[in-house]
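Source file: run-v1.txt; contents: compact mmCIF, C-alpha atoms.
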```txt
# COMPACT_ATOMS: atom_id res chain seq x y z
CA MET A 1 32.64 6.05 -4.29
CA LYS A 2 31.53 2.56 -3.31
CA VAL A 3 27.73 2.42 -3.20
CA LEU A 4 25.60 -0.45 -1.93
CA ILE A 5 22.12 -0.25 -3.46
CA ASN A 6 19.43 -2.19 -1.64
CA THR A 7 16.19 -3.33 -3.34
CA THR A 8 15.65 -6.55 -1.38
CA ASN A 9 12.43 -5.27 0.22
CA LEU A 10 10.71 -4.45 -3.10
CA VAL A 11 8.17 -7.02 -4.27
CA ILE A 12 5.31 -5.07 -5.90
CA GLY A 13 4.21 -1.70 -7.29
CA GLY A 14 5.78 1.30 -8.99
CA ALA A 15 8.94 0.97 -6.89
CA ILE A 16 10.00 -1.87 -9.19
CA GLN A 17 9.89 0.37 -12.25
CA VAL A 18 11.72 3.23 -10.49
CA SER A 19 14.46 0.87 -9.27
CA THR A 20 15.09 -0.72 -12.65
CA SER A 21 15.12 2.70 -14.32
CA PHE A 22 17.62 3.94 -11.74
CA LEU A 23 19.92 0.94 -12.23
CA GLU A 24 19.85 1.35 -16.01
CA ALA A 25 20.73 5.05 -15.71
CA LEU A 26 23.70 4.22 -13.47
CA LYS A 27 25.42 2.70 -16.51
CA ASN A 28 26.31 6.26 -17.52
CA HIS A 29 28.22 6.88 -14.26
CA HIS A 30 31.42 4.86 -14.53
CA ASN A 31 33.48 6.37 -11.71
CA ASN A 32 31.74 4.50 -8.91
CA GLU A 33 31.65 0.92 -7.71
CA TYR A 34 28.11 -0.43 -7.35
CA HIS A 35 27.05 -3.40 -5.26
CA ILE A 36 23.40 -4.17 -5.96
CA PHE A 37 21.22 -6.26 -3.64
CA LEU A 38 18.38 -7.47 -5.85
CA SER A 39 14.90 -8.70 -4.94
CA GLN A 40 13.39 -11.46 -7.05
CA LYS A 41 11.13 -8.99 -8.88
CA ILE A 42 14.08 -6.77 -9.84
CA ILE A 43 16.08 -9.81 -10.99
CA GLU A 44 13.28 -10.59 -13.43
CA GLN A 45 13.33 -7.05 -14.86
CA ILE A 46 17.01 -6.43 -15.66
CA ASP A 47 19.71 -8.00 -17.84
CA GLU A 48 22.78 -8.23 -15.61
CA LYS A 49 25.04 -9.04 -18.56
CA SER A 50 24.40 -5.58 -20.01
CA PHE A 51 26.08 -3.87 -17.03
CA GLN A 52 29.75 -2.96 -16.83
CA LYS A 53 32.40 -4.51 -14.57
CA ASN A 54 31.88 -1.87 -11.88
CA PHE A 55 28.53 -3.52 -11.05
CA VAL A 56 28.31 -6.52 -8.72
CA PHE A 57 24.93 -8.19 -8.21
CA TYR A 58 23.64 -10.23 -5.26
CA HIS A 59 20.39 -12.18 -5.45
CA PHE A 60 17.76 -12.40 -2.71
CA SER A 61 14.64 -14.51 -3.19
CA THR A 62 13.09 -13.42 0.14
CA SER A 63 12.40 -9.96 1.55
CA PRO A 64 14.02 -8.95 4.87
CA ALA A 65 10.46 -8.12 5.96
CA SER A 66 9.45 -11.80 5.80
CA LEU A 67 8.07 -13.13 9.07
CA ILE A 68 9.45 -16.61 8.36
CA ARG A 69 12.88 -16.06 6.80
CA GLY A 70 13.41 -12.34 7.37
CA ARG A 71 15.94 -12.80 10.16
CA GLU A 72 18.06 -15.07 7.99
CA VAL A 73 17.98 -12.53 5.15
CA ARG A 74 18.93 -9.65 7.46
CA LYS A 75 21.94 -11.62 8.74
CA LYS A 76 23.09 -12.22 5.17
CA LEU A 77 22.67 -8.52 4.33
CA SER A 78 24.79 -7.51 7.34
CA TYR A 79 27.45 -10.10 6.49
CA LEU A 80 27.75 -8.85 2.90
CA GLU A 81 27.80 -5.22 3.98
CA LEU A 82 30.69 -5.97 6.36
CA LYS A 83 32.52 -7.71 3.52
CA ILE A 84 31.88 -4.97 0.93
CA LYS A 85 32.59 -2.03 3.26
CA PRO A 86 30.54 0.52 1.26
CA ASP A 87 30.87 4.27 1.65
CA ILE A 88 27.11 4.53 1.60
CA VAL A 89 24.01 2.30 1.56
CA PHE A 90 21.03 3.46 -0.48
CA THR A 91 17.69 1.70 0.00
CA VAL A 92 15.72 2.83 -3.05
CA PHE A 93 12.39 2.73 -1.20
CA GLY A 94 12.03 2.07 2.51
CA PRO A 95 11.64 1.02 5.11
CA SER A 96 14.47 -1.44 4.52
CA TYR A 97 13.59 -3.78 7.43
CA TRP A 98 17.36 -4.02 7.92
CA GLN A 99 19.75 -1.67 9.71
CA PRO A 100 23.08 -1.18 7.91
CA ARG A 101 26.16 -0.13 9.86
CA SER A 102 27.26 2.18 7.06
CA LEU A 103 25.78 5.59 6.32
CA HIS A 104 22.22 4.80 5.24
CA ILE A 105 20.07 6.87 2.87
CA THR A 106 16.50 5.74 2.23
CA GLY A 107 13.97 6.70 -0.39
CA PHE A 108 10.50 7.11 1.09
CA ALA A 109 7.26 7.40 -0.89
CA ASP A 110 4.52 5.77 1.20
CA GLY A 111 1.94 8.54 1.54
CA TRP A 112 -0.10 6.55 4.04
CA CYS A 113 2.78 6.89 6.52
CA TYR A 114 3.02 10.68 6.52
CA THR A 115 -0.50 11.85 5.67
CA PRO A 116 -2.42 10.80 8.82
CA ASN A 117 -5.36 13.12 8.13
CA SER A 118 -5.92 11.96 4.57
CA ILE A 119 -9.54 11.37 3.58
CA ALA A 120 -8.30 8.09 2.08
CA PHE A 121 -8.54 6.53 5.57
CA ASN A 122 -12.31 7.05 5.41
CA LYS A 123 -12.42 4.48 2.60
CA LEU A 124 -11.14 1.74 4.91
CA SER A 125 -13.24 -0.52 7.12
CA ILE A 126 -12.68 -0.18 10.88
CA ARG A 127 -10.73 -3.44 10.94
CA ARG A 128 -8.58 -2.46 7.99
CA LYS A 129 -8.02 1.02 9.40
CA ILE A 130 -6.73 -0.43 12.70
CA LYS A 131 -4.42 -2.79 10.84
CA SER A 132 -3.21 0.04 8.62
CA LYS A 133 -2.43 2.32 11.58
CA PHE A 134 -0.49 -0.50 13.26
CA LEU A 135 1.62 -1.16 10.15
CA ILE A 136 2.21 2.56 9.63
CA ALA A 137 3.53 2.89 13.20
CA ILE A 138 6.02 0.07 12.54
CA LYS A 139 7.12 1.52 9.18
CA ASN A 140 7.60 5.00 10.62
CA LYS A 141 9.65 3.67 13.52
CA LEU A 142 11.92 1.85 11.07
CA ILE A 143 12.20 4.71 8.58
CA LYS A 144 13.35 7.10 11.30
CA LYS A 145 16.45 4.93 11.79
CA SER A 146 17.74 6.09 8.38
CA ASP A 147 20.48 8.70 8.44
CA TYR A 148 18.92 10.61 5.55
CA LEU A 149 15.75 10.43 3.47
CA ILE A 150 15.06 11.16 -0.19
CA VAL A 151 11.44 11.95 -1.08
CA GLU A 152 9.68 12.82 -4.33
CA THR A 153 7.84 16.06 -3.49
CA GLU A 154 8.04 19.11 -1.23
CA THR A 155 4.63 18.10 0.15
CA ALA A 156 6.06 14.78 1.31
CA LYS A 157 9.07 16.52 2.89
CA LYS A 158 6.81 18.94 4.77
CA ASN A 159 4.55 16.16 6.06
CA ILE A 160 7.43 13.91 7.18
CA PHE A 161 8.88 16.77 9.17
CA LYS A 162 5.48 17.67 10.63
CA TYR A 163 4.15 14.23 11.52
CA LEU A 164 7.27 12.07 11.94
CA HIS A 165 9.41 14.86 13.46
CA TYR A 166 12.27 13.84 11.22
CA PRO A 167 14.95 16.57 10.85
CA LEU A 168 14.15 18.80 7.88
CA GLU A 169 17.83 19.24 6.98
CA LYS A 170 18.17 15.48 6.52
CA ILE A 171 15.38 15.22 3.93
CA PHE A 172 16.23 15.71 0.26
CA VAL A 173 13.72 16.10 -2.58
CA VAL A 174 14.32 14.43 -5.94
CA GLY A 175 11.30 14.33 -8.21
CA ASN A 176 10.10 11.19 -9.94
CA THR A 177 9.59 10.88 -13.68
CA PHE A 178 7.62 9.14 -16.41
CA HIS A 179 8.75 6.12 -18.42
CA GLN A 180 11.28 7.28 -20.99
CA SER A 181 9.56 5.35 -23.80
CA TYR A 182 7.10 8.26 -24.00
CA LEU A 183 9.93 10.39 -25.38
CA ASN A 184 11.03 7.97 -28.07
CA GLN A 185 8.12 7.98 -30.52
CA PRO A 186 5.97 10.71 -32.10
CA ILE A 187 2.43 11.12 -30.79
CA LYS A 188 -0.20 9.74 -33.13
CA LYS A 189 -3.50 11.57 -33.28
CA GLY A 190 -6.27 9.16 -32.34
CA ASN A 191 -9.92 9.60 -33.27
CA LYS A 192 -10.91 11.93 -30.42
CA LYS A 193 -13.63 13.94 -32.13
CA ASN A 194 -16.54 11.53 -32.04
CA GLU A 195 -19.89 11.19 -30.30
CA VAL A 196 -18.34 9.72 -27.15
CA PHE A 197 -16.17 11.76 -24.76
CA LYS A 198 -13.61 9.27 -23.46
CA LEU A 199 -12.11 9.49 -19.98
CA LEU A 200 -9.06 7.33 -19.32
CA VAL A 201 -8.86 5.97 -15.75
CA LEU A 202 -5.34 4.56 -15.80
CA SER A 203 -5.09 3.11 -12.31
CA ALA A 204 -4.81 -0.04 -10.27
CA PHE A 205 -7.70 -0.83 -7.92
CA TYR A 206 -6.93 0.30 -4.36
CA PRO A 207 -9.19 2.02 -1.79
CA HIS A 208 -7.30 5.32 -2.00
CA LYS A 209 -7.78 5.46 -5.78
CA ASN A 210 -11.49 6.17 -5.09
CA LEU A 211 -12.62 4.58 -8.36
CA GLU A 212 -16.03 3.41 -7.12
CA ILE A 213 -17.23 7.02 -7.14
CA ILE A 214 -17.49 6.67 -10.92
CA ASN A 215 -20.75 4.74 -10.40
CA ASP A 216 -22.40 7.80 -8.84
CA VAL A 217 -20.82 10.22 -11.32
CA VAL A 218 -22.30 8.26 -14.23
CA GLU A 219 -25.84 8.56 -12.86
CA ILE A 220 -25.48 12.34 -12.56
CA LEU A 221 -23.99 12.68 -16.05
CA LYS A 222 -26.95 10.80 -17.52
CA VAL A 223 -29.34 13.33 -15.98
CA LYS A 224 -27.37 16.54 -16.54
CA SER A 225 -25.94 15.99 -20.02
CA LYS A 226 -27.05 14.58 -23.34
CA VAL A 227 -23.44 13.79 -24.20
CA LYS A 228 -22.29 10.17 -24.07
CA PHE A 229 -19.30 9.76 -21.75
CA GLU A 230 -17.15 6.66 -21.41
CA PHE A 231 -14.87 5.83 -18.48
CA CYS A 232 -12.15 3.40 -19.55
CA LEU A 233 -10.78 1.48 -16.56
CA THR A 234 -7.65 -0.70 -16.41
CA ILE A 235 -8.31 -2.94 -13.41
CA PRO A 236 -8.61 -6.72 -12.97
CA ASN A 237 -11.98 -8.07 -14.17
CA ASN A 238 -12.87 -9.60 -10.80
CA SER A 239 -12.63 -6.16 -9.14
CA PHE A 240 -14.59 -4.56 -11.96
CA GLU A 241 -17.43 -7.06 -11.74
CA LYS A 242 -17.59 -6.76 -7.95
CA TYR A 243 -17.51 -2.98 -7.53
CA PHE A 244 -18.98 -1.46 -10.69
CA LYS A 245 -22.51 -1.29 -12.02
CA LYS A 246 -23.26 -2.53 -15.51
CA SER A 247 -23.32 0.58 -17.67
CA ASP A 248 -22.50 1.57 -21.23
CA TYR A 249 -20.72 4.54 -19.65
CA ILE A 250 -18.11 2.31 -17.99
CA LYS A 251 -15.85 -0.25 -19.62
CA ASN A 252 -12.84 -2.17 -18.37
CA ILE A 253 -9.93 -3.34 -20.50
CA GLY A 254 -7.82 -4.83 -17.70
CA PRO A 255 -4.24 -4.00 -16.64
CA GLN A 256 -2.08 -2.60 -19.45
CA THR A 257 1.59 -2.60 -20.45
CA ILE A 258 3.50 0.66 -20.88
CA VAL A 259 3.27 0.33 -24.68
CA ASP A 260 -0.50 -0.18 -24.47
CA CYS A 261 -0.87 2.87 -22.22
CA LYS A 262 0.63 5.16 -24.82
CA VAL A 263 -1.95 4.01 -27.37
CA LEU A 264 -4.73 4.61 -24.83
CA TYR A 265 -3.60 8.20 -24.30
CA GLU A 266 -3.69 8.75 -28.05
CA ARG A 267 -7.34 7.67 -28.18
CA THR A 268 -8.69 9.43 -25.09
CA ASN A 269 -10.15 12.90 -24.53
CA ALA A 270 -9.01 13.35 -20.93
CA LEU A 271 -7.19 11.63 -18.08
CA PHE A 272 -9.48 11.11 -15.07
CA LEU A 273 -7.96 10.43 -11.62
CA PRO A 274 -10.21 10.80 -8.53
CA THR A 275 -7.40 9.61 -6.23
CA LEU A 276 -7.40 10.54 -2.53
CA LEU A 277 -3.75 9.92 -1.68
CA GLU A 278 -0.52 9.97 -3.68
CA THR A 279 3.06 11.01 -3.31
CA PHE A 280 3.66 10.85 -7.04
CA THR A 281 1.88 9.30 -10.00
CA ALA A 282 3.47 9.02 -13.45
CA ASN A 283 0.00 9.45 -14.99
CA TYR A 284 0.21 13.23 -14.65
CA PRO A 285 3.43 13.76 -16.65
CA GLU A 286 2.41 11.00 -19.09
CA ALA A 287 -0.82 12.85 -19.89
CA MET A 288 1.08 16.12 -20.24
CA ILE A 289 3.60 14.70 -22.69
CA MET A 290 0.78 12.97 -24.62
CA LYS A 291 -1.13 16.29 -24.80
CA VAL A 292 -4.18 15.00 -22.92
CA PRO A 293 -6.15 17.30 -20.52
CA ILE A 294 -6.15 16.22 -16.86
CA LEU A 295 -9.18 15.99 -14.56
CA THR A 296 -8.13 15.18 -11.01
CA SER A 297 -8.63 15.65 -7.28
CA ASP A 298 -8.21 19.07 -5.69
CA LEU A 299 -5.63 17.91 -3.14
CA ASP A 300 -2.14 19.16 -2.25
CA PHE A 301 -0.17 16.39 -3.99
CA ALA A 302 -2.04 16.95 -7.27
CA ARG A 303 -1.64 20.73 -7.07
CA GLU A 304 2.12 20.38 -6.57
CA LEU A 305 2.53 18.02 -9.52
CA CYS A 306 0.09 19.66 -11.96
CA ASP A 307 -0.16 23.30 -10.86
CA ASP A 308 -2.46 25.02 -13.41
CA ALA A 309 -2.26 22.16 -15.93
CA ALA A 310 -5.31 20.32 -14.57
CA LEU A 311 -9.00 20.90 -13.93
CA TYR A 312 -9.63 20.07 -10.28
CA PHE A 313 -12.68 18.66 -8.50
CA ASP A 314 -13.75 17.65 -5.00
CA PRO A 315 -12.99 13.89 -5.08
CA MET A 316 -15.72 13.13 -2.53
CA SER A 317 -18.46 14.93 -4.46
CA PRO A 318 -19.98 13.09 -7.46
CA GLU A 319 -21.89 16.28 -8.28
CA ASP A 320 -18.74 18.40 -8.50
CA ILE A 321 -16.92 15.72 -10.50
CA ALA A 322 -19.78 15.48 -13.01
CA SER A 323 -19.93 19.26 -13.27
CA LYS A 324 -16.20 19.52 -14.08
CA ILE A 325 -16.42 16.73 -16.67
CA ILE A 326 -19.29 18.52 -18.41
CA GLU A 327 -17.36 21.82 -18.21
CA LEU A 328 -14.27 20.30 -19.83
CA HIS A 329 -16.25 18.61 -22.58
CA GLY A 330 -18.04 21.82 -23.51
CA ASN A 331 -14.99 24.08 -23.49
CA GLU A 332 -12.43 23.34 -26.22
CA ILE A 333 -10.49 26.47 -25.29
CA LEU A 334 -10.04 25.12 -21.76
CA GLN A 335 -8.94 21.76 -23.15
CA LYS A 336 -6.30 23.49 -25.27
CA GLN A 337 -5.15 25.66 -22.34
CA LEU A 338 -4.66 22.64 -20.08
CA VAL A 339 -2.64 20.87 -22.77
CA GLU A 340 -0.45 23.95 -23.35
CA ARG A 341 0.14 24.39 -19.62
CA GLY A 342 1.00 20.70 -19.40
CA GLU A 343 3.62 21.09 -22.13
CA LEU A 344 5.28 23.78 -20.00
CA MET A 345 4.88 21.81 -16.78
CA ILE A 346 6.48 18.66 -18.20
CA GLN A 347 9.79 20.50 -18.44
CA GLN A 348 9.93 20.64 -14.64
CA PHE A 349 9.86 16.87 -14.21
CA GLU A 350 13.03 14.82 -13.90
CA THR A 351 14.24 12.35 -16.50
CA ALA A 352 15.71 8.99 -15.47
CA ASP A 353 19.19 10.41 -16.10
CA SER A 354 18.69 13.68 -14.21
CA ARG A 355 17.11 11.84 -11.27
CA THR A 356 20.06 9.44 -11.05
CA ALA A 357 22.57 12.29 -11.30
CA LYS A 358 20.83 14.06 -8.40
CA TYR A 359 20.90 10.89 -6.29
CA LEU A 360 24.64 10.54 -6.80
CA SER A 361 25.23 14.23 -6.14
CA ILE A 362 23.39 13.93 -2.82
CA PHE A 363 25.49 10.88 -1.86
CA LYS A 364 28.73 12.76 -2.59
CA ASP A 365 27.63 15.87 -0.71
CA ILE A 366 26.67 13.84 2.34
CA LEU A 367 30.01 12.02 2.35
CA LYS A 368 31.90 15.32 2.07
CA ASN A 369 30.05 16.78 5.04
```

Would you give me this structure, written as structure tokens?
Amino acid sequence: MKVLINTTNLVIGGAIQVSTSFLEALKNHHNNEYHIFLSQKIIEQIDEKSFQKNFVFYHFSTSPASLIRGREVRKKLSYLELKIKPDIVFTVFGPSYWQPRSLHITGFADGWCYTPNSIAFNKLSIRRKIKSKFLIAIKNKLIKKSDYLIVETETAKKNIFKYLHYPLEKIFVVGNTFHQSYLNQPIKKGNKKNEVFKLLVLSAFYPHKNLEIINDVVEILKVKSKVKFEFCLTIPNNSFEKYFKKSDYIKNIGPQTIVDCKVLYERTNALFLPTLLETFTANYPEAMIMKVPILTSDLDFARELCDDAALYFDPMSPEDIASKIIELHGNEILQKQLVERGELMIQQFETADSRTAKYLSIFKDILKN
């Protein structure tokens, strides 16, 4: 099977990590010929010399979505596709902003595009909301040109069928995973039994992450509990200084590496995610494998990923959030139950190898049919 893998449109975010993980796992599948179109960010993340002879790499410094040079890039992509003559083109995350002539499968994980009624839109200004809706319309028009889609959850599949009217039988579900480094080393027990109950907020700063609600939660916790709580954020300092009140209940340590994140889990009492919109977040399985209780939003994506291994709250209610934090702190049996359920739940998540094997199996099945 000759597979063309397209990452030229990927310039930021978790898609970079998923793509590099996928490419590394392909090393274990020697029977195929891989032609990899790399974005600049992916080029920086992989060592091409470590790949076998059945891999051929092509470098692209500009995205096909570029308003200035996008047309030039798209012409080059089409020229190379014609020269390679692949059996299948796989865009790891779309839209691709380029229309291949070959059979085209696209990964799709932009929750904004298929969750039009999400409360996350309420966090946007009118101007930003209008711009967002315009961009979503363009993305959805482009994504529907794909022959098949691969998504990360059943919730995403259901919503794409419902709101984009994309054929259900052409949508495949392959779950995402956590970074495999979490499997390689034993968990060290940090100092969790102290006077401060620590809540890890492992998140970038975006409107849909709903992090500003922490300011209101802190004020309620101060009134309703004598316990000292500490929210540990991992966002850029300029965002922290702009959006968060000065408080000894809130601290920011800035963006972290994967290695640093593991240490943070070892030292925290609970993972806290008040997010309003996700398709998948690696934080959930990471917390499960690190044996950390999860406090998160009572929304469909979280329920699908965590099931009964999380304590849920209304993400728009500071009162309910504070109440659930106090409940978790005061109930060690509940903490233990959540951890135990997480250990069972983690077995349902993919690994990098199993995810890659499922991708390839889908490609082969589609070609057969």

Cut-off 12 Å: closest region 290-353 of chain A/region 228-240 of chain A atom pairs per residue, using all atoms listed in the file, as a Markdown table:
```
| residue | atom | partner | partner_atom | distance |
| --- | --- | --- | --- | --- |
| A:Ala322 | CA | A:Phe229 | CA | 10.5 |
| A:Ile325 | CA | A:Phe229 | CA | 9.1 |
| A:Ile326 | CA | A:Phe229 | CA | 9.4 |
| A:Leu328 | CA | A:Phe229 | CA | 11.8 |
| A:His329 | CA | A:Phe229 | CA | 9.4 |
```

Tell me, as a list in words, which residues lie within 8 Å of Tyr97 (chain A), counting all atoms listed in the file; anything in the same chain fewer than 4 positions away does not count.
Asn9, Pro64, Ala65, Arg74 and Leu142 of chain A

Distance criterion (all atoms listed in the file): nearest to Leu299 (chain A) out of A:Ile366, A:Lys83, A:Thr115, A:Gln40:
A:Thr115

Report as a VMD selection string all protein, DNA and RNA residues lying within 12 Å of region 242-253 of chain A, evaluated on all atoms listed in the file, omitting residues in the same chain fewer than 4 positions from it.
chain A and resid 196 to 207 210 to 222 227 to 238 257 260 to 261 264

Would you compute the distance between CA of Ile5 (chain A) and CA of Tyr34 (chain A)? Give it in Å to one decimal.
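CA of Tyr34 (chain A) lies at a distance of 7.1 Å from CA of Ile5 (chain A).
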
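With all atoms listed in the file as the atoms that count, the residue of A:Met316, A:Phe272, A:Tyr284, A:Thr155 with the shortest distance to Glu304 (chain A) is A:Thr155.
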
Between CA of Thr275 (chain A) and CA of Phe301 (chain A), what is the distance in Å, rounded to a tenth?
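So the two atoms, CA of Thr275 (chain A) and CA of Phe301 (chain A), lie 10.2 Å apart.
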
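CA of Asn6 (chain A) to CA of Phe178 (chain A) spans 22.0 Å [interatomic distance, one decimal].
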
Ranking A:Ile333, A:Ile43, A:Val339, A:Leu360 by minimum distance to Thr20 (chain A) and counting all atoms listed in the file, which one comes first?
A:Ile43

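Ranking A:Leu338, A:Cys113, A:Val173, A:Val263 by their shortest atom-to-atom distance to Leu277 (chain A), with all atoms listed in the file included, puts A:Cys113 first.
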
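Shell of Ile119 (chain A) at 8 Å, with all atoms listed in the file counted and residues fewer than 2 places along the chain excluded, is Asn117, Phe121, Asn122, Lys123, Leu276 and Leu277 of chain A.
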
Within 9 Å of Met345 (chain A), counting only C-alpha atoms, which residues show up once you throw out same-chain ones fewer than 2 positions away? Write them as a PDB file with C-alpha atoms, keeping the file's coordinate frame, please.
```
ATOM      1  CA  PRO A 285       3.430  13.760 -16.650  1.00  0.00           C
ATOM      2  CA  MET A 288       1.080  16.120 -20.240  1.00  0.00           C
ATOM      3  CA  LEU A 305       2.530  18.020  -9.520  1.00  0.00           C
ATOM      4  CA  CYS A 306       0.090  19.660 -11.960  1.00  0.00           C
ATOM      5  CA  ASP A 307      -0.160  23.300 -10.860  1.00  0.00           C
ATOM      6  CA  ASP A 308      -2.460  25.020 -13.410  1.00  0.00           C
ATOM      7  CA  ALA A 309      -2.260  22.160 -15.930  1.00  0.00           C
ATOM      8  CA  GLU A 340      -0.450  23.950 -23.350  1.00  0.00           C
ATOM      9  CA  ARG A 341       0.140  24.390 -19.620  1.00  0.00           C
ATOM     10  CA  GLY A 342       1.000  20.700 -19.400  1.00  0.00           C
ATOM     11  CA  GLU A 343       3.620  21.090 -22.130  1.00  0.00           C
ATOM     12  CA  GLN A 347       9.790  20.500 -18.440  1.00  0.00           C
ATOM     13  CA  GLN A 348       9.930  20.640 -14.640  1.00  0.00           C
ATOM     14  CA  PHE A 349       9.860  16.870 -14.210  1.00  0.00           C
TER      15      PHE A 349
END
```

So which one's closest to Lys158 (chain A), A:Ser39, A:Leu135, A:Asn54, A:Asp300? Using all atoms listed in the file, please.
A:Asp300

Could you tell me which of A:Lys49, A:Leu4, A:Phe134, A:Asn331 comes closest to Leu77 (chain A) if we count all atoms listed in the file?
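Distance minimum relative to Leu77 (chain A) lands on A:Leu4.
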
Report, as AutoDock Vina command-line options, the centre and edge lengths in Å (one decimal) of the axis-aligned box enclosing every listed atom of region 130-148 of chain A, padded by 3 Å on each side.
```
--center_x 6.9 --center_y 3.9 --center_z 9.5 --size_x 33.2 --size_y 19.4 --size_z 14.0
```
